[in-house]
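Engineer: One file: target-v4.tsv (TSV, C-alpha atoms and all ligand atoms).
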```tsv
chain	number	residue	atom	x	y	z
A	13	MET	CA	13.18	-17.29	-3.53
A	14	VAL	CA	12.41	-18.92	-6.84
A	15	ILE	CA	12.39	-22.65	-6.31
A	16	TYR	CA	12.44	-25.20	-9.10
A	17	LYS	CA	11.08	-28.59	-8.19
A	18	ASP	CA	9.76	-31.42	-10.36
A	19	GLY	CA	9.41	-29.13	-13.39
A	20	LYS	CA	7.47	-26.56	-11.35
A	21	ILE	CA	8.43	-22.99	-10.44
A	22	TYR	CA	7.55	-21.57	-7.03
A	23	LEU	CA	7.60	-17.79	-6.49
A	24	LYS	CA	7.30	-16.20	-3.06
A	25	ILE	CA	4.91	-13.27	-2.59
A	26	VAL	CA	4.60	-11.42	0.73
A	27	PHE	CA	1.86	-9.11	2.03
A	28	TRP	CA	3.55	-6.50	4.23
A	29	GLY	CA	2.01	-3.64	6.24
A	30	MET	CA	1.23	-2.24	9.68
A	31	GLY	CA	-0.81	-4.23	12.20
A	32	ALA	CA	-4.50	-4.53	11.32
A	33	SER	CA	-4.13	-2.97	7.87
A	34	GLY	CA	-5.97	-6.00	6.45
A	35	LYS	CA	-3.31	-8.44	5.18
A	36	THR	CA	-4.91	-11.60	6.60
A	37	THR	CA	-8.35	-10.47	5.47
A	38	ILE	CA	-7.01	-9.86	1.96
A	39	LEU	CA	-5.51	-13.35	1.83
A	40	LYS	CA	-8.75	-14.91	3.04
A	41	THR	CA	-10.80	-12.94	0.51
A	42	LEU	CA	-8.34	-13.77	-2.26
A	43	TYR	CA	-8.66	-17.43	-1.33
A	44	ARG	CA	-12.46	-17.30	-1.52
A	45	ILE	CA	-12.52	-15.37	-4.80
A	46	THR	CA	-10.11	-17.75	-6.51
A	47	LYS	CA	-11.85	-20.82	-5.10
A	48	GLU	CA	-15.38	-19.74	-5.96
A	49	SER	CA	-14.98	-18.24	-9.43
A	50	LYS	CA	-12.95	-19.11	-12.50
A	51	LYS	CA	-9.78	-17.02	-12.38
A	52	ASP	CA	-6.25	-17.20	-13.78
A	53	ILE	CA	-5.03	-18.18	-10.31
A	54	VAL	CA	-6.43	-21.00	-8.17
A	55	PRO	CA	-5.70	-21.93	-4.55
A	56	ILE	CA	-4.08	-25.26	-3.80
A	57	GLY	CA	-5.06	-26.78	-0.45
A	58	GLU	CA	-6.11	-24.73	2.55
A	59	LEU	CA	-4.77	-21.50	4.00
A	60	GLN	CA	-2.60	-21.77	7.07
A	61	ILE	CA	-3.57	-18.99	9.48
A	62	ILE	CA	-1.59	-18.45	12.68
A	63	GLU	CA	-3.28	-15.82	14.83
A	64	LYS	CA	-3.95	-14.64	18.36
A	65	ALA	CA	-7.45	-14.75	19.82
A	66	SER	CA	-7.72	-11.09	18.83
A	67	GLY	CA	-7.29	-12.02	15.16
A	68	ALA	CA	-3.88	-10.36	14.88
A	69	THR	CA	-1.34	-12.54	13.10
A	70	LEU	CA	0.95	-14.23	15.61
A	71	TYR	CA	3.59	-15.48	13.21
A	72	PHE	CA	2.43	-15.54	9.60
A	73	ASP	CA	-0.29	-16.78	7.27
A	74	ARG	CA	0.46	-18.89	4.28
A	75	GLY	CA	-1.27	-20.12	1.15
A	76	LEU	CA	-0.31	-21.81	-2.10
A	77	PHE	CA	-1.77	-20.71	-5.43
A	78	GLN	CA	-1.27	-21.92	-8.98
A	79	SER	CA	-1.47	-20.15	-12.33
A	80	THR	CA	-4.08	-21.77	-14.54
A	81	LYS	CA	-2.53	-20.39	-17.75
A	82	GLN	CA	0.95	-21.60	-16.93
A	83	LYS	CA	0.30	-24.57	-14.78
A	84	GLU	CA	3.95	-25.03	-13.80
A	85	VAL	CA	3.91	-21.64	-12.03
A	86	TYR	CA	3.01	-21.60	-8.31
A	87	TYR	CA	2.88	-18.74	-5.84
A	88	ARG	CA	3.79	-19.23	-2.20
A	89	VAL	CA	1.93	-16.42	-0.47
A	90	TYR	CA	2.67	-15.12	3.03
A	91	THR	CA	1.39	-12.34	5.26
A	92	VAL	CA	3.65	-10.98	7.99
A	93	ALA	CA	2.58	-10.16	11.54
A	94	GLY	CA	2.28	-6.37	11.36
A	95	GLN	CA	2.21	-5.48	15.04
A	96	LYS	CA	5.06	-3.42	16.41
A	97	GLY	CA	7.64	-5.57	18.17
A	98	PHE	CA	7.33	-8.40	15.66
A	99	THR	CA	10.20	-7.16	13.52
A	100	PRO	CA	12.30	-10.33	13.99
A	101	LEU	CA	9.36	-12.48	12.87
A	102	ARG	CA	8.82	-10.29	9.84
A	103	LYS	CA	12.47	-10.59	8.97
A	104	LYS	CA	12.21	-14.36	9.15
A	105	ILE	CA	9.35	-14.35	6.68
A	106	PHE	CA	10.59	-11.68	4.33
A	107	ASP	CA	14.29	-12.15	4.25
A	108	LYS	CA	15.20	-15.65	5.26
A	109	THR	CA	18.68	-16.10	3.85
A	110	ASP	CA	17.80	-19.05	1.70
A	111	ASP	CA	14.25	-17.98	0.93
A	112	GLN	CA	14.05	-14.33	-0.04
A	113	THR	CA	10.90	-12.64	-1.24
A	114	ASP	CA	10.19	-12.40	-4.98
A	115	ALA	CA	7.42	-9.77	-4.86
A	116	VAL	CA	5.79	-7.64	-2.17
A	117	ILE	CA	2.35	-6.12	-1.69
A	118	PHE	CA	2.41	-3.22	0.72
A	119	VAL	CA	-0.93	-2.97	2.51
A	120	VAL	CA	-1.87	0.44	3.91
A	121	ASP	CA	-4.55	1.22	6.47
A	122	SER	CA	-5.82	4.20	4.50
A	123	ARG	CA	-7.21	6.14	7.44
A	124	THR	CA	-5.31	9.41	7.80
A	125	LYS	CA	-4.82	8.90	11.53
A	126	PHE	CA	-2.56	5.93	10.72
A	127	LEU	CA	-0.27	7.76	8.31
A	128	GLU	CA	2.72	7.65	10.66
A	129	ASP	CA	2.28	3.94	11.40
A	130	ASN	CA	2.06	3.15	7.70
A	131	LEU	CA	5.20	5.15	7.08
A	132	GLU	CA	7.03	3.34	9.86
A	133	SER	CA	6.05	0.02	8.29
A	134	LEU	CA	7.22	1.19	4.87
A	135	LEU	CA	10.57	2.30	6.27
A	136	GLU	CA	11.05	-1.06	7.94
A	137	LEU	CA	10.28	-2.80	4.65
A	138	LYS	CA	12.78	-0.57	2.85
A	139	THR	CA	15.47	-1.42	5.37
A	140	MET	CA	14.67	-5.10	5.21
A	141	ALA	CA	14.71	-5.13	1.41
A	142	ASN	CA	18.08	-3.40	1.42
A	143	ASP	CA	17.50	-1.11	-1.58
A	144	ARG	CA	16.10	-3.91	-3.74
A	145	LEU	CA	12.45	-2.75	-3.85
A	146	ILE	CA	11.29	-2.17	-7.44
A	147	LYS	CA	14.82	-2.78	-8.78
A	148	GLU	CA	14.79	-6.46	-7.85
A	149	ILE	CA	11.60	-7.00	-5.89
A	150	PRO	CA	8.44	-5.86	-7.68
A	151	MET	CA	6.16	-3.86	-5.42
A	152	ILE	CA	2.42	-3.17	-5.48
A	153	VAL	CA	0.52	-0.96	-3.02
A	154	MET	CA	-2.99	-1.53	-1.69
A	155	LEU	CA	-4.61	1.45	-0.01
A	156	ASN	CA	-6.93	-0.74	1.99
A	157	LYS	CA	-10.08	0.04	4.02
A	158	GLN	CA	-11.28	2.50	1.38
A	159	ASP	CA	-14.83	1.82	2.58
A	160	LEU	CA	-14.10	3.85	5.74
A	161	ASP	CA	-14.11	7.64	6.24
A	162	ASP	CA	-11.23	10.09	6.39
A	163	ILE	CA	-8.83	8.21	4.13
A	164	ILE	CA	-5.86	8.94	1.92
A	165	ASP	CA	-5.93	8.47	-1.87
A	166	GLU	CA	-3.44	7.47	-4.59
A	167	GLU	CA	-1.98	10.95	-4.98
A	168	ASP	CA	-1.30	11.21	-1.25
A	169	PHE	CA	0.52	7.92	-1.23
A	170	LYS	CA	2.43	8.67	-4.41
A	171	LEU	CA	3.99	11.62	-2.57
A	172	ILE	CA	5.17	9.29	0.16
A	173	LEU	CA	6.67	6.91	-2.39
A	174	LYS	CA	8.43	9.85	-4.05
A	175	ASP	CA	9.80	11.00	-0.71
A	176	GLU	CA	11.11	7.50	-0.08
A	177	LYS	CA	12.66	7.19	-3.56
A	178	LEU	CA	10.26	4.43	-4.44
A	179	TRP	CA	8.85	6.27	-7.43
A	180	TYR	CA	10.65	6.89	-10.72
A	181	GLU	CA	10.08	9.73	-13.19
A	182	PRO	CA	9.09	8.91	-16.81
A	183	LYS	CA	12.61	9.32	-18.17
A	184	ASN	CA	13.94	6.65	-15.82
A	185	LYS	CA	13.99	3.09	-17.18
A	186	LEU	CA	12.39	1.84	-13.98
A	187	TYR	CA	9.37	4.09	-14.54
A	188	ILE	CA	7.27	1.22	-15.94
A	189	TRP	CA	7.84	-0.72	-12.75
A	190	ASN	CA	6.57	1.99	-10.41
A	191	PRO	CA	4.22	0.45	-7.86
A	192	ILE	CA	0.62	0.48	-8.99
A	193	ILE	CA	-1.48	1.92	-6.18
A	194	TYR	CA	-4.82	0.14	-5.82
A	195	THR	CA	-7.62	1.47	-3.63
A	196	SER	CA	-9.01	-1.64	-2.03
A	197	CYS	CA	-11.52	-3.08	0.37
A	198	ALA	CA	-10.63	-6.50	1.74
A	199	LEU	CA	-13.99	-7.38	3.27
A	200	TYR	CA	-15.49	-10.15	1.16
A	201	GLU	CA	-18.95	-8.59	0.86
A	202	GLN	CA	-17.55	-5.25	-0.34
A	203	LYS	CA	-14.39	-6.59	-1.98
A	204	LYS	CA	-12.53	-4.24	-4.30
A	205	ASP	CA	-9.28	-4.81	-6.16
A	206	VAL	CA	-8.23	-7.77	-4.03
A	207	TYR	CA	-7.81	-10.15	-6.94
A	208	ARG	CA	-6.62	-7.49	-9.40
A	209	SER	CA	-3.76	-6.33	-7.18
A	210	PHE	CA	-2.62	-9.88	-6.49
A	211	HIS	CA	-2.81	-10.80	-10.16
A	212	GLU	CA	-0.60	-7.84	-11.09
A	213	THR	CA	1.92	-8.71	-8.38
A	214	ALA	CA	2.07	-12.32	-9.55
A	215	ARG	CA	2.51	-11.15	-13.15
A	216	ARG	CA	5.39	-8.88	-12.17
A	217	ALA	CA	7.03	-11.61	-10.11
A	218	VAL	CA	7.08	-13.85	-13.19
A	219	LEU	CA	8.33	-11.07	-15.48
A	220	TYR	CA	11.19	-10.11	-13.16
A	221	HIS	CA	12.16	-13.74	-12.97
A	222	VAL	CA	11.76	-14.74	-16.62
A	223	TYR	CA	12.81	-11.56	-18.43
A	224	GLY	CA	14.98	-9.84	-15.85
A	225	GLU	CA	16.80	-12.74	-14.24
A	226	GLY	CA	15.69	-11.51	-10.84
A	227	LYS	CA	15.80	-7.81	-11.68
A	228	ALA	CA	13.35	-5.34	-13.18
A	229	PRO	CA	13.40	-6.13	-16.91
A	230	ILE	CA	14.38	-2.83	-18.50
A	231	GLU	CA	16.44	-3.70	-21.54
A	232	ILE	CA	13.79	-5.50	-23.50
A	233	ASP	CA	10.57	-4.02	-24.71
A	234	ILE	CA	7.81	-6.24	-23.43
A	235	SER	CA	4.64	-5.70	-25.40
A	236	LYS	CA	1.34	-5.77	-23.55
A	237	ASN	CA	0.41	-8.97	-25.38
A	238	SER	CA	3.36	-11.00	-24.29
A	239	ILE	CA	2.87	-9.78	-20.73
A	240	LYS	CA	-0.75	-10.85	-20.89
A	241	ALA	CA	0.26	-14.34	-21.89
A	242	ILE	CA	1.79	-14.82	-18.47
A	301	LIG	N1	-13.74	-1.72	6.99
A	301	LIG	C1	-12.73	-2.52	6.64
A	301	LIG	N2	-12.17	-3.33	7.56
A	301	LIG	C2	-11.17	-4.13	7.16
A	301	LIG	C3	-10.68	-4.15	5.83
A	301	LIG	N3	-9.67	-5.04	5.76
A	301	LIG	C4	-9.54	-5.57	7.00
A	301	LIG	N4	-10.44	-5.03	7.85
A	301	LIG	C5	-10.62	-5.32	9.28
A	301	LIG	O1	-9.45	-4.89	9.98
A	301	LIG	C6	-9.16	-5.78	11.06
A	301	LIG	C7	-7.73	-6.28	10.95
A	301	LIG	O2	-7.61	-7.07	9.76
A	301	LIG	P1	-6.49	-8.17	9.57
A	301	LIG	O3	-6.70	-8.76	8.22
A	301	LIG	O4	-6.45	-9.09	10.72
A	301	LIG	O5	-5.19	-7.26	9.58
A	301	LIG	P2	-3.65	-7.72	9.43
A	301	LIG	O6	-3.02	-6.72	8.54
A	301	LIG	O7	-3.56	-9.14	9.05
A	301	LIG	O8	-3.11	-7.49	10.92
A	301	LIG	P3	-1.80	-8.18	11.62
A	301	LIG	O9	-1.92	-9.64	11.40
A	301	LIG	O10	-1.86	-7.80	13.06
A	301	LIG	O11	-0.60	-7.59	10.96
A	301	LIG	C8	-10.20	-6.88	11.00
A	301	LIG	O12	-11.23	-6.57	11.92
A	301	LIG	C9	-10.73	-6.82	9.58
A	301	LIG	O13	-12.05	-7.26	9.46
A	301	LIG	C10	-11.29	-3.26	4.87
A	301	LIG	O14	-10.92	-3.18	3.69
A	301	LIG	N5	-12.30	-2.48	5.35
A	302	MG	MG	-2.67	-10.76	9.88
```
Once you've parsed the file, please lay out its structure as structure tokens.
Structural biologist:
Amino acid sequence: MVIYKDGKIYLKIVFWGMGASGKTTILKTLYRITKESKKDIVPIGELQIIEKASGATLYFDRGLFQSTKQKEVYYRVYTVAGQKGFTPLRKKIFDKTDDQTDAVIFVVDSRTKFLEDNLESLLELKTMANDRLIKEIPMIVMLNKQDLDDIIDEEDFKLILKDEKLWYEPKNKLYIWNPIIYTSCALYEQKKDVYRSFHETARRAVLYHVYGEGKAPIEIDISKNSIKAI
């Protein structure tokens, strides 16, 4: 939920996906990237990681980031616990009545053997978001673990999104807000598209809020330049 406090704006961004798809690793890598090099987004304070001894998230992870171009804009970033059986916890993070999510990054374990589990996680997200994905909640996809063998690619996942009515054709006004599908690796040493995908999600969260009043902005023509300014 967009929170205004002391002249600052706080947007809530959630990493969602099946257990062990890489959400916590992505957040940790994002934290390191934005701490170590000069980026448009910087971390504020430390990450809060709540995990089991196995490394699986037990409740959630949380971090606060700030836009350096628009210093009043902050991002409250969460990862959900992806393991099966944690649905109530995920609901608490994603859809708390007074703190709903402003943008979501769906993290896929790209290995083909996990296709069904990824789909199950996507369906749960759809149910939880109650038909608001893309229309009101901007969505980005990370096909993670691309460094491994036997993986799916963008075209494969686009078919899934089409099947789930999460992909619009060019004549539809929502076409420009179709999820961008990034092929990522979350491991710090081999990192790929971790910062880029978060940056795009953050940008969309601001645009939906500023230009769309909480919905996908479709009536106004936003030029690339004005989008870049955010
Ligand atoms: N090879 C490879 N391994 C990855 C990648 N991302 C994460 N991992 C590994 O996958 C395992 C699970 O990663 P986590 O980040 O804990 O996954 P998660 O999505 O947070 O899992 P839950 O908290 O249970 O939902 C860890 O051993 C990570 O090191 C990646 O891009 N490539
Ligand atoms: Mg985790």
Engineer: For chain A against ligand LIG 301 (chain A), with a cut-off of 10 Å and counting all atoms listed in the file, what is the closest atom pair and its distance in Å to one decimal for every residue that makes the cut, ordered by chain and number, as JSON lines?
Structural biologist:
```
{"residue": "A:Phe27", "atom": "CA", "partner": "A:LIG301", "partner_atom": "O6", "distance": 8.5}
{"residue": "A:Trp28", "atom": "CA", "partner": "A:LIG301", "partner_atom": "O6", "distance": 7.9}
{"residue": "A:Gly29", "atom": "CA", "partner": "A:LIG301", "partner_atom": "O6", "distance": 6.3}
{"residue": "A:Met30", "atom": "CA", "partner": "A:LIG301", "partner_atom": "O11", "distance": 5.8}
{"residue": "A:Gly31", "atom": "CA", "partner": "A:LIG301", "partner_atom": "O11", "distance": 3.6}
{"residue": "A:Ala32", "atom": "CA", "partner": "A:LIG301", "partner_atom": "O8", "distance": 3.3}
{"residue": "A:Ser33", "atom": "CA", "partner": "A:LIG301", "partner_atom": "O6", "distance": 4.0}
{"residue": "A:Gly34", "atom": "CA", "partner": "A:LIG301", "partner_atom": "O3", "distance": 3.4}
{"residue": "A:Lys35", "atom": "CA", "partner": "A:LIG301", "partner_atom": "O6", "distance": 3.8}
{"residue": "A:Thr36", "atom": "CA", "partner": "A:LIG301", "partner_atom": "O7", "distance": 3.7}
{"residue": "A:Thr37", "atom": "CA", "partner": "A:LIG301", "partner_atom": "O3", "distance": 3.6}
{"residue": "A:Ile38", "atom": "CA", "partner": "A:LIG301", "partner_atom": "O3", "distance": 6.4}
{"residue": "A:Leu39", "atom": "CA", "partner": "A:LIG301", "partner_atom": "O3", "distance": 8.0}
{"residue": "A:Lys40", "atom": "CA", "partner": "A:LIG301", "partner_atom": "O3", "distance": 8.3}
{"residue": "A:Thr41", "atom": "CA", "partner": "A:LIG301", "partner_atom": "N3", "distance": 9.6}
{"residue": "A:Ile61", "atom": "CA", "partner": "A:LIG301", "partner_atom": "O9", "distance": 9.7}
{"residue": "A:Ile62", "atom": "CA", "partner": "A:LIG301", "partner_atom": "O9", "distance": 8.9}
{"residue": "A:Glu63", "atom": "CA", "partner": "A:LIG301", "partner_atom": "O9", "distance": 7.2}
{"residue": "A:Lys64", "atom": "CA", "partner": "A:LIG301", "partner_atom": "O9", "distance": 8.8}
{"residue": "A:Ser66", "atom": "CA", "partner": "A:LIG301", "partner_atom": "O4", "distance": 8.4}
{"residue": "A:Gly67", "atom": "CA", "partner": "A:LIG301", "partner_atom": "O4", "distance": 5.4}
{"residue": "A:Ala68", "atom": "CA", "partner": "A:LIG301", "partner_atom": "O10", "distance": 3.7}
{"residue": "A:Thr69", "atom": "CA", "partner": "A:LIG301", "partner_atom": "O9", "distance": 3.4}
{"residue": "A:Leu70", "atom": "CA", "partner": "A:LIG301", "partner_atom": "O9", "distance": 6.9}
{"residue": "A:Tyr71", "atom": "CA", "partner": "A:LIG301", "partner_atom": "O9", "distance": 8.2}
{"residue": "A:Phe72", "atom": "CA", "partner": "A:LIG301", "partner_atom": "O9", "distance": 7.5}
{"residue": "A:Asp73", "atom": "CA", "partner": "A:LIG301", "partner_atom": "O9", "distance": 8.4}
{"residue": "A:Thr91", "atom": "CA", "partner": "A:LIG301", "partner_atom": "O7", "distance": 7.0}
{"residue": "A:Val92", "atom": "CA", "partner": "A:LIG301", "partner_atom": "O11", "distance": 6.2}
{"residue": "A:Ala93", "atom": "CA", "partner": "A:LIG301", "partner_atom": "O11", "distance": 4.1}
{"residue": "A:Gly94", "atom": "CA", "partner": "A:LIG301", "partner_atom": "O11", "distance": 3.2}
{"residue": "A:Gln95", "atom": "CA", "partner": "A:LIG301", "partner_atom": "O10", "distance": 5.1}
{"residue": "A:Lys96", "atom": "CA", "partner": "A:LIG301", "partner_atom": "O10", "distance": 8.8}
{"residue": "A:Phe98", "atom": "CA", "partner": "A:LIG301", "partner_atom": "O11", "distance": 9.3}
{"residue": "A:Arg102", "atom": "CA", "partner": "A:LIG301", "partner_atom": "O11", "distance": 9.9}
{"residue": "A:Val119", "atom": "CA", "partner": "A:LIG301", "partner_atom": "O6", "distance": 7.4}
{"residue": "A:Val120", "atom": "CA", "partner": "A:LIG301", "partner_atom": "O6", "distance": 8.6}
{"residue": "A:Asp121", "atom": "CA", "partner": "A:LIG301", "partner_atom": "N3", "distance": 8.1}
{"residue": "A:Ser122", "atom": "CA", "partner": "A:LIG301", "partner_atom": "O14", "distance": 9.0}
{"residue": "A:Met154", "atom": "CA", "partner": "A:LIG301", "partner_atom": "O14", "distance": 9.7}
{"residue": "A:Leu155", "atom": "CA", "partner": "A:LIG301", "partner_atom": "O14", "distance": 8.7}
{"residue": "A:Asn156", "atom": "CA", "partner": "A:LIG301", "partner_atom": "O14", "distance": 5.0}
{"residue": "A:Lys157", "atom": "CA", "partner": "A:LIG301", "partner_atom": "O14", "distance": 3.3}
{"residue": "A:Gln158", "atom": "CA", "partner": "A:LIG301", "partner_atom": "O14", "distance": 6.1}
{"residue": "A:Asp159", "atom": "CA", "partner": "A:LIG301", "partner_atom": "N5", "distance": 5.7}
{"residue": "A:Leu160", "atom": "CA", "partner": "A:LIG301", "partner_atom": "N1", "distance": 5.7}
{"residue": "A:Asp161", "atom": "CA", "partner": "A:LIG301", "partner_atom": "N1", "distance": 9.4}
{"residue": "A:Thr195", "atom": "CA", "partner": "A:LIG301", "partner_atom": "O14", "distance": 9.3}
{"residue": "A:Ser196", "atom": "CA", "partner": "A:LIG301", "partner_atom": "O14", "distance": 6.2}
{"residue": "A:Cys197", "atom": "CA", "partner": "A:LIG301", "partner_atom": "O14", "distance": 3.4}
{"residue": "A:Ala198", "atom": "CA", "partner": "A:LIG301", "partner_atom": "O14", "distance": 3.9}
{"residue": "A:Leu199", "atom": "CA", "partner": "A:LIG301", "partner_atom": "C10", "distance": 5.2}
{"residue": "A:Tyr200", "atom": "CA", "partner": "A:LIG301", "partner_atom": "O14", "distance": 8.7}
{"residue": "A:Gln202", "atom": "CA", "partner": "A:LIG301", "partner_atom": "O14", "distance": 8.0}
{"residue": "A:Lys203", "atom": "CA", "partner": "A:LIG301", "partner_atom": "O14", "distance": 7.5}
{"residue": "A:Lys204", "atom": "CA", "partner": "A:LIG301", "partner_atom": "O14", "distance": 8.2}
{"residue": "A:Val206", "atom": "CA", "partner": "A:LIG301", "partner_atom": "O14", "distance": 9.4}
```
Engineer: With all atoms listed in the file counted, which protein, DNA or RNA residues have an atom no more than 7 Å from (13.1, -13.9, -2.3) in the file frame? Please answer as a PyMOL selection string.
Structural biologist: chain A and resi 13-14+24+107+111-114
Engineer: Looking at A:Lys20, A:Glu58, A:Tyr90, A:Tyr180, which one is nearest to ligand MG 302 (chain A), with distances taken over all atoms listed in the file?
Structural biologist: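 Among the listed residues, the smallest separation from ligand MG 302 (chain A) belongs to A:Tyr90.
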Engineer: Which neighbours of Glu84 (chain A) fall inside 10 Å, counting only C-alpha atoms, when residues of the same chain fewer than 6 positions from it are skipped, and could you give them as a PyMOL selection string?
Structural biologist: chain A and resi 16-22+78
Engineer: I need every residue sitting at most 12 Å from the point (-12.1, -15.9, -10.6) (coordinates as in the file, only C-alpha atoms considered), written as number ranges by chain.
Structural biologist: A: 41-55, 79-80, 206-208, 210-211
Engineer: Mind pulling up the distance from CA of Leu134 (chain A) to CA of Asp205 (chain A)?
Structural biologist: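 Calculated distance between CA of Asp205 (chain A) and CA of Leu134 (chain A) is 20.7 Å.
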Engineer: How many Å separate CA of Glu128 (chain A) from atom MG of ligand MG 302 (chain A)?
Structural biologist: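 These two atoms are separated by 19.2 Å.
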Engineer: Give the answer as one residue: which of A:Arg74, A:Lys104, A:Lys147, A:Lys81 has the shortest atom-to-atom distance to Ala217 (chain A), using only C-alpha atoms?
Structural biologist: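 For Ala217 (chain A), the nearest of the given residues is A:Lys147.
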Engineer: As JSON, numbers by chain, please: the residues near Ile192 (chain A) (cut-off 9 Å, all atoms listed in the file, same-chain neighbours under 2 positions excluded).
Structural biologist: {"A": [151, 152, 153, 154, 189, 190, 194, 209, 212]}
Engineer: May I ask which of the residues A:Ala65, A:Phe126, A:Leu173, A:Ile25 is the closest one to ligand MG 302 (chain A), counting all atoms listed in the file?
Structural biologist: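 Once distances to ligand MG 302 (chain A) are computed over all atoms listed in the file, the minimum belongs to A:Ala65.
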Engineer: Can you pull out the residues contacting Thr139 (chain A)? Cut-off 12 Å, using all atoms listed in the file, and skip same-chain residues under 2 positions away; I want them as a PDB file with C-alpha atoms, in the frame of the given file.
Structural biologist:
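What landed in result-v2.pdb:
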```pdb
ATOM      1  CA  THR A  99      10.200  -7.160  13.520  1.00  0.00           C
ATOM      2  CA  ARG A 102       8.820 -10.290   9.840  1.00  0.00           C
ATOM      3  CA  LYS A 103      12.470 -10.590   8.970  1.00  0.00           C
ATOM      4  CA  PHE A 106      10.590 -11.680   4.330  1.00  0.00           C
ATOM      5  CA  ASP A 107      14.290 -12.150   4.250  1.00  0.00           C
ATOM      6  CA  GLU A 132       7.030   3.340   9.860  1.00  0.00           C
ATOM      7  CA  SER A 133       6.050   0.020   8.290  1.00  0.00           C
ATOM      8  CA  LEU A 134       7.220   1.190   4.870  1.00  0.00           C
ATOM      9  CA  LEU A 135      10.570   2.300   6.270  1.00  0.00           C
ATOM     10  CA  GLU A 136      11.050  -1.060   7.940  1.00  0.00           C
ATOM     11  CA  LEU A 137      10.280  -2.800   4.650  1.00  0.00           C
ATOM     12  CA  ALA A 141      14.710  -5.130   1.410  1.00  0.00           C
ATOM     13  CA  ASN A 142      18.080  -3.400   1.420  1.00  0.00           C
ATOM     14  CA  ASP A 143      17.500  -1.110  -1.580  1.00  0.00           C
ATOM     15  CA  ARG A 144      16.100  -3.910  -3.740  1.00  0.00           C
ATOM     16  CA  LEU A 145      12.450  -2.750  -3.850  1.00  0.00           C
ATOM     17  CA  GLU A 176      11.110   7.500  -0.080  1.00  0.00           C
TER      18      GLU A 176
END
```
Engineer: What separation in Å, quoted to one decimal, exists between CA of Pro191 (chain A) and CA of Lys177 (chain A)?
Structural biologist: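 Going from CA of Pro191 (chain A) over to CA of Lys177 (chain A) covers 11.6 Å.
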Engineer: So, counting all atoms listed in the file, which residue among A:Val26, A:Val222, A:Leu171, A:Ile15 is closest to ligand MG 302 (chain A)?
Structural biologist: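 Selected residue with least distance to ligand MG 302 (chain A): A:Val26.
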